[in-house]
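Undergrad: So here's final.txt (compact mmCIF, C-alpha atoms).
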# COMPACT_ATOMS: atom_id res chain seq x y z
CA MET A 16 -27.67 -22.79 -11.91
CA ASP A 17 -30.75 -20.62 -11.67
CA SER A 18 -31.13 -21.00 -7.97
CA THR A 19 -27.77 -19.31 -7.51
CA GLN A 20 -28.95 -16.35 -9.53
CA THR A 21 -32.15 -15.65 -7.69
CA GLY A 22 -30.14 -15.61 -4.54
CA GLY A 23 -27.29 -14.10 -6.56
CA LEU A 24 -25.59 -12.20 -3.81
CA GLU A 25 -25.82 -14.96 -1.26
CA GLN A 26 -23.93 -17.28 -3.52
CA GLU A 27 -20.60 -16.48 -1.93
CA LYS A 28 -21.76 -17.81 1.38
CA ASN A 29 -19.58 -20.85 1.37
CA SER A 30 -16.76 -19.58 -0.79
CA PHE A 31 -14.94 -18.22 2.20
CA ASP A 32 -11.86 -20.23 2.95
CA THR A 33 -9.88 -19.48 6.09
CA LYS A 34 -7.00 -21.64 4.99
CA ALA A 35 -6.55 -19.70 1.75
CA ILE A 36 -6.52 -16.44 3.69
CA TRP A 37 -3.80 -17.59 6.04
CA ARG A 38 -1.84 -18.96 3.12
CA THR A 39 -2.06 -15.55 1.49
CA PHE A 40 -0.98 -13.95 4.73
CA TRP A 41 2.11 -16.13 4.96
CA ILE A 42 2.97 -15.47 1.33
CA LEU A 43 2.73 -11.71 1.87
CA LEU A 44 4.73 -11.86 5.06
CA GLY A 45 7.33 -14.11 3.47
CA ILE A 46 7.78 -11.78 0.51
CA THR A 47 8.09 -8.76 2.78
CA VAL A 48 10.65 -10.44 5.02
CA PHE A 49 12.60 -11.54 1.96
CA GLU A 50 12.59 -7.96 0.63
CA LEU A 51 13.85 -6.65 3.95
CA ILE A 52 16.61 -9.22 4.21
CA VAL A 53 17.78 -8.44 0.69
CA ALA A 54 17.60 -4.69 1.38
CA ILE A 55 19.66 -5.05 4.55
CA ILE A 56 22.22 -7.34 2.93
CA TYR A 57 22.57 -4.77 0.18
CA PHE A 58 22.94 -2.00 2.73
CA GLU A 59 25.69 -3.84 4.58
CA THR A 60 27.65 -5.27 1.69
CA HIS A 61 26.57 -3.60 -1.58
CA PHE A 62 26.75 -7.09 -2.86
CA PHE A 63 24.78 -6.77 -6.11
CA PRO A 64 23.97 -3.93 -8.48
CA LYS A 65 21.14 -1.77 -7.21
CA HIS A 66 19.33 -1.79 -10.54
CA LEU A 67 19.00 -5.53 -10.44
CA LEU A 68 17.77 -5.33 -6.88
CA ASN A 69 15.16 -2.73 -7.77
CA GLY A 70 13.86 -5.05 -10.44
CA VAL A 71 13.49 -7.79 -7.83
CA PHE A 72 11.68 -5.39 -5.50
CA VAL A 73 9.24 -4.33 -8.21
CA ILE A 74 8.42 -7.92 -9.12
CA MET A 75 7.93 -8.79 -5.45
CA THR A 76 5.67 -5.78 -5.00
CA LEU A 77 3.53 -6.72 -7.97
CA ALA A 78 3.27 -10.26 -6.61
CA LYS A 79 2.08 -8.91 -3.26
CA ALA A 80 -0.40 -6.63 -5.00
CA PHE A 81 -1.73 -9.59 -6.95
CA PHE A 82 -2.31 -11.64 -3.83
CA ILE A 83 -4.02 -8.81 -1.98
CA VAL A 84 -6.36 -8.05 -4.86
CA ALA A 85 -7.07 -11.65 -5.84
CA GLU A 86 -7.47 -13.17 -2.39
CA PHE A 87 -8.14 -10.50 0.23
CA MET A 88 -10.32 -8.41 -2.07
CA HIS A 89 -11.73 -11.60 -3.53
CA LEU A 90 -11.42 -10.36 -7.10
CA GLY A 91 -9.92 -13.63 -8.28
CA HIS A 92 -13.20 -15.34 -7.40
CA GLU A 93 -15.52 -12.91 -9.15
CA ILE A 94 -17.05 -13.20 -12.59
CA ARG A 95 -14.56 -12.84 -15.40
CA ASN A 96 -16.20 -9.71 -16.82
CA LEU A 97 -15.87 -7.95 -13.50
CA ILE A 98 -12.22 -8.89 -13.30
CA MET A 99 -11.74 -7.43 -16.77
CA THR A 100 -13.41 -4.11 -15.94
CA ILE A 101 -10.80 -3.72 -13.22
CA ALA A 102 -7.80 -5.29 -14.89
CA ILE A 103 -8.03 -3.60 -18.29
CA PRO A 104 -8.17 0.01 -17.04
CA ALA A 105 -5.33 -0.86 -14.67
CA CYS A 106 -3.21 -1.58 -17.74
CA LEU A 107 -3.06 2.17 -18.30
CA PHE A 108 -0.46 2.17 -15.57
CA ILE A 109 1.96 0.51 -17.96
CA TRP A 110 1.86 3.50 -20.28
CA PHE A 111 1.69 5.88 -17.34
CA LEU A 112 4.88 4.52 -15.78
CA ILE A 113 6.91 4.22 -18.95
CA ALA A 114 5.97 7.67 -20.25
CA PHE A 115 6.67 9.57 -17.06
CA LEU A 116 9.80 7.77 -15.95
CA TRP A 117 11.17 8.22 -19.46
CA ASP A 118 10.35 11.89 -19.20
CA GLY A 119 12.11 12.09 -15.85
CA SER A 120 15.27 10.48 -17.08
CA SER A 121 15.27 12.67 -20.18
CA TYR A 122 15.03 15.71 -17.93
CA HIS A 123 17.94 14.36 -15.94
CA ASP A 124 20.07 13.99 -19.06
CA LEU A 125 19.19 17.47 -20.30
CA ARG A 126 20.11 19.02 -16.97
CA MET A 127 23.41 17.23 -16.85
CA ARG A 128 24.23 18.41 -20.35
CA TYR A 129 23.03 22.00 -20.31
CA ASP A 130 22.61 23.13 -16.70
CA GLY A 131 26.08 23.93 -15.40
CA TYR A 132 24.93 24.65 -11.89
CA GLN A 133 23.09 21.34 -11.52
CA TYR A 134 26.09 19.57 -12.97
CA GLU A 135 28.40 21.18 -10.41
CA GLN A 136 26.01 20.32 -7.60
CA SER A 137 25.95 16.70 -8.61
CA LYS A 138 29.74 16.56 -8.23
CA THR A 139 30.09 18.53 -4.99
CA LYS A 140 30.03 16.58 -1.77
CA VAL A 141 28.65 18.21 1.34
CA LYS A 142 30.48 17.91 4.63
CA PRO A 143 29.74 14.48 6.11
CA ALA A 144 29.76 16.06 9.58
CA GLU A 145 26.42 17.68 8.88
CA LYS A 146 24.69 14.34 8.73
CA HIS A 147 26.03 13.11 12.04
CA GLU A 148 25.17 16.31 13.84
CA GLU A 149 21.61 15.93 12.67
CA GLY A 150 21.49 12.34 13.79
CA LYS A 151 22.76 13.11 17.27
CA LYS A 152 20.40 15.92 18.13
CA PRO A 153 19.54 15.67 21.81
CA GLY A 154 16.04 14.63 22.72
CA VAL A 155 15.69 12.48 19.67
CA GLU A 156 14.56 9.04 20.50
CA MET B 157 -11.38 -19.31 -9.80
CA ALA B 158 -13.12 -16.93 -12.13
CA HIS B 159 -16.62 -17.95 -13.08
CA THR B 160 -17.59 -17.54 -16.68
CA VAL B 161 -21.07 -16.71 -17.79
CA PRO B 162 -22.71 -19.81 -19.28
CA VAL B 163 -23.08 -19.70 -23.04
CA GLY B 164 -26.56 -18.83 -24.28
CA GLN B 165 -27.67 -17.29 -21.04
CA LYS B 166 -29.16 -13.79 -21.42
CA TRP B 167 -27.04 -12.35 -18.68
CA TRP B 168 -27.64 -8.70 -19.54
CA SER B 169 -31.39 -8.88 -20.18
CA GLY B 170 -32.24 -7.49 -16.80
CA GLY B 171 -33.46 -9.01 -13.60
CA LYS B 172 -30.12 -10.18 -12.43
CA SER B 173 -26.76 -8.76 -11.59
CA PRO B 174 -24.48 -9.30 -14.61
CA PHE B 175 -21.38 -9.21 -12.45
CA ASN B 176 -23.05 -11.17 -9.69
CA VAL B 177 -22.08 -8.57 -7.11
CA GLU B 178 -24.23 -6.06 -5.36
CA TYR B 179 -24.40 -2.56 -6.86
CA GLY B 180 -22.66 -0.86 -3.95
CA LYS B 181 -19.82 -3.33 -4.00
CA LEU B 182 -19.30 -2.82 -7.72
CA MET B 183 -19.27 0.94 -7.24
CA MET B 184 -16.75 0.52 -4.43
CA TRP B 185 -14.54 -1.29 -6.92
CA TYR B 186 -14.82 1.58 -9.37
CA PHE B 187 -14.16 4.13 -6.68
CA LEU B 188 -11.06 2.19 -5.70
CA MET B 189 -9.97 2.21 -9.34
CA SER B 190 -10.11 6.00 -9.38
CA ASP B 191 -8.34 6.16 -6.05
CA ALA B 192 -5.67 3.84 -7.41
CA PHE B 193 -5.06 6.32 -10.20
CA THR B 194 -4.78 9.16 -7.70
CA PHE B 195 -2.17 7.27 -5.74
CA GLY B 196 -0.59 6.13 -8.97
CA ALA B 197 -0.27 9.74 -10.11
CA PHE B 198 1.41 10.66 -6.83
CA LEU B 199 3.82 7.77 -6.93
CA ILE B 200 4.63 8.16 -10.61
CA SER B 201 5.24 11.86 -10.11
CA TYR B 202 7.63 10.87 -7.32
CA GLY B 203 9.28 8.45 -9.71
CA THR B 204 9.61 11.09 -12.40
CA ILE B 205 11.31 13.51 -10.04
CA ARG B 206 13.53 10.78 -8.73
CA PHE B 207 14.55 9.79 -12.23
CA SER B 208 15.34 13.41 -13.02
CA SER B 209 17.54 13.77 -9.93
CA THR B 210 21.20 12.91 -9.95
CA SER B 211 21.07 11.31 -6.54
CA TRP B 212 18.67 10.68 -3.69
CA PRO B 213 18.87 10.10 0.09
CA ASP B 214 19.44 6.53 1.21
CA PRO B 215 16.31 5.09 2.85
CA ASN B 216 18.46 2.78 4.98
CA GLU B 217 20.06 5.87 6.49
CA VAL B 218 16.88 7.88 6.88
CA PHE B 219 14.57 5.18 8.23
CA ARG B 220 16.82 3.47 10.71
CA SER B 221 15.25 4.37 14.04
CA PHE B 222 12.96 2.46 16.33
CA PRO B 223 11.11 3.68 19.42
CA VAL B 224 12.68 3.18 22.82
CA ILE B 225 16.03 1.79 21.66
CA GLY B 226 17.47 5.28 21.17
CA GLU B 227 20.30 5.85 18.75
CA MET B 228 20.83 2.23 17.76
CA SER B 229 20.60 1.92 14.00
CA VAL B 230 18.13 -0.68 12.77
CA PRO B 231 17.45 0.10 9.12
CA LEU B 232 13.86 -0.49 8.03
CA ALA B 233 12.90 -2.38 11.19
CA PHE B 234 10.18 0.02 12.22
CA VAL B 235 8.60 0.25 8.82
CA SER B 236 8.53 -3.53 8.59
CA LEU B 237 6.64 -3.57 11.85
CA MET B 238 4.16 -1.12 10.33
CA THR B 239 3.84 -3.32 7.25
CA PHE B 240 3.25 -6.35 9.42
CA ILE B 241 0.54 -4.53 11.39
CA LEU B 242 -1.26 -3.51 8.21
CA ILE B 243 -1.12 -6.97 6.60
CA MET B 244 -2.33 -8.47 9.86
CA SER B 245 -5.27 -6.08 10.04
CA SER B 246 -6.08 -6.99 6.45
CA VAL B 247 -6.31 -10.61 7.56
CA THR B 248 -8.63 -9.77 10.46
CA MET B 249 -10.75 -7.79 8.01
CA VAL B 250 -11.11 -10.81 5.73
CA MET B 251 -12.12 -12.81 8.78
CA ALA B 252 -14.79 -10.22 9.58
CA VAL B 253 -16.10 -10.43 6.01
CA GLY B 254 -16.13 -14.21 6.21
CA ALA B 255 -17.96 -14.14 9.53
CA GLY B 256 -20.48 -11.74 8.00
CA GLN B 257 -21.14 -14.12 5.13
CA VAL B 258 -22.26 -16.80 7.58
CA HIS B 259 -24.13 -14.22 9.72
CA ASP B 260 -22.00 -14.78 12.78
CA ARG B 261 -22.55 -11.42 14.46
CA LYS B 262 -20.32 -12.02 17.47
CA ALA B 263 -17.40 -13.03 15.28
CA VAL B 264 -17.90 -9.99 13.04
CA ILE B 265 -17.72 -7.76 16.10
CA LYS B 266 -14.55 -9.48 17.30
CA TRP B 267 -12.75 -9.28 13.96
CA MET B 268 -13.86 -5.71 13.24
CA PHE B 269 -12.60 -4.70 16.65
CA LEU B 270 -9.21 -6.28 15.93
CA THR B 271 -9.09 -4.61 12.52
CA ILE B 272 -9.73 -1.22 14.09
CA LEU B 273 -7.02 -1.89 16.65
CA GLY B 274 -4.61 -2.72 13.84
CA GLY B 275 -5.51 0.47 12.02
CA LEU B 276 -4.99 2.55 15.13
CA ALA B 277 -1.67 0.83 15.80
CA PHE B 278 -0.56 1.66 12.28
CA LEU B 279 -1.58 5.29 12.69
CA GLY B 280 0.26 5.42 16.00
CA CYS B 281 3.40 4.08 14.33
CA GLN B 282 3.11 6.62 11.58
CA ALA B 283 2.63 9.42 14.09
CA TRP B 284 5.80 8.31 15.85
CA GLU B 285 7.72 8.12 12.59
CA TRP B 286 6.63 11.58 11.50
CA THR B 287 7.41 13.05 14.91
CA HIS B 288 10.81 11.43 14.88
CA LEU B 289 11.65 12.66 11.37
CA HIS B 290 10.38 16.10 12.29
CA ALA B 291 12.67 16.12 15.31
CA GLU B 292 15.55 15.23 13.02
CA GLY B 293 14.77 18.32 10.99
CA ALA B 294 12.77 16.80 8.16
CA TRP B 295 9.49 18.35 7.10
CA TRP B 296 7.86 19.80 3.99
CA GLY B 297 10.48 22.16 2.62
CA ARG B 298 13.26 20.91 4.90
CA ASN B 299 15.53 17.98 4.23
CA PRO B 300 18.45 17.28 6.56
CA PHE B 301 19.47 14.05 4.82
CA PRO B 302 22.25 14.25 2.24
CA ASN B 303 22.13 12.20 -0.93
CA ILE B 304 23.53 8.71 -0.91
CA ASP B 305 26.57 9.86 -2.89
CA GLY B 306 27.28 12.62 -0.39
CA THR B 307 26.00 15.52 -2.49
CA GLN B 308 23.55 18.14 -1.36
CA SER B 309 19.97 16.86 -1.56
CA THR B 310 16.87 18.83 -2.41
CA THR B 311 13.61 18.98 -0.48
CA ASN B 312 11.95 16.78 -3.09
CA PHE B 313 12.59 13.76 -0.92
CA THR B 314 10.84 15.03 2.20
CA ASN B 315 8.07 16.77 0.25
CA TYR B 316 7.12 13.57 -1.50
CA PHE B 317 7.59 11.44 1.56
CA PHE B 318 5.31 13.50 3.78
CA THR B 319 2.73 14.14 1.07
CA ILE B 320 2.35 10.53 -0.03
CA THR B 321 2.60 8.84 3.36
CA GLY B 322 0.31 11.59 4.66
CA PHE B 323 -2.25 10.91 1.95
CA HIS B 324 -2.01 7.22 2.68
CA GLY B 325 -2.26 7.84 6.42
CA PHE B 326 -5.39 9.88 5.78
CA HIS B 327 -6.85 6.90 3.95
CA VAL B 328 -6.00 4.67 6.90
CA PHE B 329 -7.63 7.19 9.18
CA SER B 330 -10.84 7.33 7.16
CA GLY B 331 -10.74 3.55 6.91
CA VAL B 332 -10.63 3.31 10.69
CA ILE B 333 -13.59 5.70 10.94
CA ILE B 334 -15.55 3.62 8.42
CA ASN B 335 -14.68 0.45 10.30
CA ILE B 336 -15.80 1.99 13.58
CA CYS B 337 -19.14 2.88 11.97
CA MET B 338 -19.46 -0.68 10.71
CA LEU B 339 -18.63 -2.05 14.14
CA ILE B 340 -21.34 0.10 15.73
CA LYS B 341 -23.86 -0.96 13.09
CA THR B 342 -22.98 -4.62 13.60
CA TRP B 343 -23.20 -4.24 17.33
CA ARG B 344 -26.66 -2.63 17.05
CA GLY B 345 -27.77 -5.53 14.88
CA ASP B 346 -28.48 -3.39 11.80
CA PHE B 347 -27.11 -6.01 9.46
CA GLU B 348 -29.17 -8.76 11.06
CA ARG B 349 -32.24 -6.71 10.21
CA THR B 350 -31.24 -5.99 6.61
CA GLY B 351 -30.35 -9.65 6.27
CA HIS B 352 -26.83 -9.32 4.91
CA TYR B 353 -23.40 -8.04 5.88
CA LEU B 354 -22.52 -6.50 2.52
CA MET B 355 -21.55 -3.22 4.16
CA ILE B 356 -18.78 -5.08 5.95
CA GLU B 357 -17.59 -6.36 2.58
CA LYS B 358 -17.51 -2.87 1.13
CA ALA B 359 -15.64 -1.51 4.11
CA GLY B 360 -13.36 -4.51 3.73
CA LEU B 361 -12.61 -3.67 0.10
CA TYR B 362 -11.62 -0.17 1.11
CA TRP B 363 -9.47 -1.46 3.93
CA HIS B 364 -7.62 -3.93 1.69
CA PHE B 365 -7.06 -1.15 -0.80
CA VAL B 366 -5.31 0.84 1.91
CA ASP B 367 -3.10 -2.17 2.51
CA LEU B 368 -2.51 -2.50 -1.23
CA VAL B 369 -1.39 1.12 -1.51
CA TRP B 370 0.93 0.66 1.43
CA VAL B 371 2.66 -2.19 -0.41
CA PHE B 372 3.56 0.28 -3.16
CA VAL B 373 4.43 3.13 -0.81
CA PHE B 374 6.65 0.75 1.12
CA THR B 375 8.53 -0.29 -1.99
CA CYS B 376 8.85 3.19 -3.47
CA PHE B 377 10.07 4.96 -0.36
CA TYR B 378 11.81 2.38 1.75
CA LEU B 379 13.24 -0.18 -0.65
CA LEU B 380 14.04 1.42 -3.99
Starting from the file, give its structure as structure tokens.

TA:
Amino acid sequence: MDSTQTGGLEQEKNSFDTKAIWRTFWILLGITVFELIVAIIYFETHFFPKHLLNGVFVIMTLAKAFFIVAEFMHLGHEIRNLIMTIAIPACLFIWFLIAFLWDGSSYHDLRMRYDGYQYEQSKTKVKPAEKHEEGKKPGVE
Amino acid sequence: MAHTVPVGQKWWSGGKSPFNVEYGKLMMWYFLMSDAFTFGAFLISYGTIRFSSTSWPDPNEVFRSFPVIGEMSVPLAFVSLMTFILIMSSVTMVMAVGAGQVHDRKAVIKWMFLTILGGLAFLGCQAWEWTHLHAEGAWWGRNPFPNIDGTQSTTNFTNYFFTITGFHGFHVFSGVIINICMLIKTWRGDFERTGHYLMIEKAGLYWHFVDLVWVFVFTCFYLL
């Protein structure tokens, strides 16, 4: 035990595992490809409700983040206390997200109820021609 | 998996590293924490505005172009290529770190070089994407894309898109610069003299963080 501490920093020497890295790579790639396929299927068919899909995307993203941090950044192999000094402050994001998205949706509701102009705007369609003109600008590759 | 400190050991009494990592590496972690909150603030602000909006442009409509193939619509293809490049360069970075741990200087040089190439490729892709969107009329304060439900959109979409991908791109850029410095130092044999390649590990942490942020940017702008 003590020999690892005198050489403390060298201890990782043999912890490097090429196989685990490639496995992580394939997991990340697989998740990304899956996300893209689902996104494109949704785009073509509007098969499932978008809210459900967004939930799937968020979970997938968090999974990817976990693998990057734990394997690529090697945090999963560090001492528990170190993991905690990173993981516990990161929990602030939970509050951060809930509070601000809640605020945003409340603002949305207030606008729809009290702001007549915004309400009108949200019901008025713009000419679809505008979009196509933009897309067909010459010189655009 | 995670090591636990053995019971009864005076881990914090001095003389050893309580977290068993070098000081600079620990501080890199804490810097990345603060950077994560900066990016988090950007992305959550984006989310707040998006939640407060009645509708939003459809990413599948906006990001549907690919170089060379012209007007053919391939939703999200280009950005998936960018994602692939960045994940790949993360892998080469891990390889460089691993090679550094066994003091294989030649391999470190090879993997660092590939990582830098990946970073430059990503930046090139982003430059193309920005140029293309700019040519379509999108920029800070200008948004040619209507909302998905056909209503008039605001410039919030483009403002956030260019600010956040720009901030991320700047991180990639500085990451590439850092990696180039590390490559030069490796090549000169600086790390052989100091006896460890911890600088490569610190640069690696930063580089993976850039990849990590991209995962979130990718989801927030292109998928949701």

Undergrad: At what distance in Å, to one decimal, does CA of Phe326 in chain B lie from CA of Leu43 in chain A?

TA: 23.4 Å

Undergrad: Would you pick out the contacts of range 127-140 of chain A at 8 Å or less, using only C-alpha atoms, so that residues sharing its chain but fewer than 6 positions from it are not included, and give the list as a PDB file with C-alpha atoms, in the coordinates of the input?

TA:
ATOM      1  CA  THR B 210      21.200  12.910  -9.950  1.00  0.00           C
ATOM      2  CA  SER B 211      21.070  11.310  -6.540  1.00  0.00           C
ATOM      3  CA  ASP B 305      26.570   9.860  -2.890  1.00  0.00           C
ATOM      4  CA  GLY B 306      27.280  12.620  -0.390  1.00  0.00           C
ATOM      5  CA  THR B 307      26.000  15.520  -2.490  1.00  0.00           C
ATOM      6  CA  GLN B 308      23.550  18.140  -1.360  1.00  0.00           C
TER       7      GLN B 308
END

Undergrad: Set the distance at 8 Å and use only C-alpha atoms: which residues neighbour range 76-79 of chain A once local chain neighbours fewer than 5 positions away are removed? I'd like the list as a list in words.

TA: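 The filter keeps Leu43 and Ile46 of chain A; Val371, Phe372 and Thr375 of chain B.
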
Undergrad: Save the residues we just selected, C-alpha atoms, as a CSV table (one decimal), in the coordinates of the input?

TA:
chain,number,residue,atom,x,y,z
A,43,LEU,CA,2.7,-11.7,1.9
A,46,ILE,CA,7.8,-11.8,0.5
B,371,VAL,CA,2.7,-2.2,-0.4
B,372,PHE,CA,3.6,0.3,-3.2
B,375,THR,CA,8.5,-0.3,-2.0

Undergrad: Residues at most 8 Å from range 329-335 of chain B, counting all atoms listed in the file, excluding those fewer than 2 positions away in the same chain, as a ChimeraX atom specification?

TA: /B:268,271-272,275-276,279,325-327,337-339,359,362-363,366

Undergrad: Which residue, A:Asp124, A:Glu93, A:Asn69, A:Ala105, has the smallest gap to Ala54 in chain A when you use all atoms listed in the file?

TA: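 Ranking A:Asp124, A:Glu93, A:Asn69, A:Ala105 by distance to Ala54 in chain A, first place goes to A:Asn69.
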
Undergrad: Out of B:Leu270, B:Ala192, B:Ile356, B:Cys281, which residue has the shortest atom-to-atom distance to chain A when counting all atoms listed in the file?

TA: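 Between B:Leu270, B:Ala192, B:Ile356, B:Cys281, the residue approaching chain A most closely is B:Ala192.
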
Undergrad: Have a look at CA of His123 in chain A and CA of Tyr202 in chain B and let me know their distance in Å, one decimal.

TA: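 So the answer is 13.9 Å.
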
Undergrad: Hey, can you check how far CA of Ser236 in chain B sits from CA of His66 in chain A?

TA: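 Straight-line distance from CA of Ser236 in chain B to CA of His66 in chain A works out to 22.0 Å.
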
Undergrad: Extract, using all atoms listed in the file, all DNA, RNA and protein residues at most 10 Å from Leu361 in chain B, discarding same-chain residues fewer than 3 positions from it, and format them as a PDB file with C-alpha atoms, keeping the file's coordinate frame.

TA:
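Saved result, out-v5.pdb, follows:
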ATOM      1  CA  VAL A  84      -6.360  -8.050  -4.860  1.00  0.00           C
ATOM      2  CA  PHE A  87      -8.140 -10.500   0.230  1.00  0.00           C
ATOM      3  CA  MET A  88     -10.320  -8.410  -2.070  1.00  0.00           C
ATOM      4  CA  HIS A  89     -11.730 -11.600  -3.530  1.00  0.00           C
ATOM      5  CA  LEU A  90     -11.420 -10.360  -7.100  1.00  0.00           C
TER       6      LEU A  90
ATOM      7  CA  LYS B 181     -19.820  -3.330  -4.000  1.00  0.00           C
ATOM      8  CA  MET B 184     -16.750   0.520  -4.430  1.00  0.00           C
ATOM      9  CA  TRP B 185     -14.540  -1.290  -6.920  1.00  0.00           C
ATOM     10  CA  LEU B 188     -11.060   2.190  -5.700  1.00  0.00           C
ATOM     11  CA  SER B 246      -6.080  -6.990   6.450  1.00  0.00           C
ATOM     12  CA  MET B 249     -10.750  -7.790   8.010  1.00  0.00           C
ATOM     13  CA  VAL B 250     -11.110 -10.810   5.730  1.00  0.00           C
ATOM     14  CA  VAL B 253     -16.100 -10.430   6.010  1.00  0.00           C
ATOM     15  CA  MET B 355     -21.550  -3.220   4.160  1.00  0.00           C
ATOM     16  CA  ILE B 356     -18.780  -5.080   5.950  1.00  0.00           C
ATOM     17  CA  GLU B 357     -17.590  -6.360   2.580  1.00  0.00           C
ATOM     18  CA  LYS B 358     -17.510  -2.870   1.130  1.00  0.00           C
ATOM     19  CA  HIS B 364      -7.620  -3.930   1.690  1.00  0.00           C
ATOM     20  CA  PHE B 365      -7.060  -1.150  -0.800  1.00  0.00           C
ATOM     21  CA  VAL B 366      -5.310   0.840   1.910  1.00  0.00           C
ATOM     22  CA  ASP B 367      -3.100  -2.170   2.510  1.00  0.00           C
TER      23      ASP B 367
END

Undergrad: Have a look at B:Ile304, B:Ala263, B:Phe318, B:Asn299 and name the one nearest to Phe377 in chain B; count all atoms listed in the file.

TA: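 Once distances to Phe377 in chain B are computed over all atoms listed in the file, the minimum belongs to B:Phe318.
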
Undergrad: Could you tell me which of B:Arg349, B:Arg344, B:Arg261, B:Lys172 comes closest to chain A if we count all atoms listed in the file?

TA: B:Lys172

Undergrad: Find the residues near Trp295 in chain B: any atom within 12 Å, counting only C-alpha atoms, skip ones fewer than 4 places away on the same chain, and give them as a list in words.

TA: Glu285, Trp286, Thr287, His288, Leu289, His290, Ala291, Asn299, Pro300, Phe301, Thr311, Asn312, Phe313, Thr314, Asn315, Tyr316, Phe317, Phe318, Thr319 and Gly322 of chain B

Undergrad: Point out the residue among A:Ile74, A:Pro64, A:Trp110, A:Ala80 with the least atom-to-atom distance to chain B, counting all atoms listed in the file.

TA: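 Checking each of A:Ile74, A:Pro64, A:Trp110, A:Ala80 against chain B, counting all atoms listed in the file, the winner is A:Ala80.
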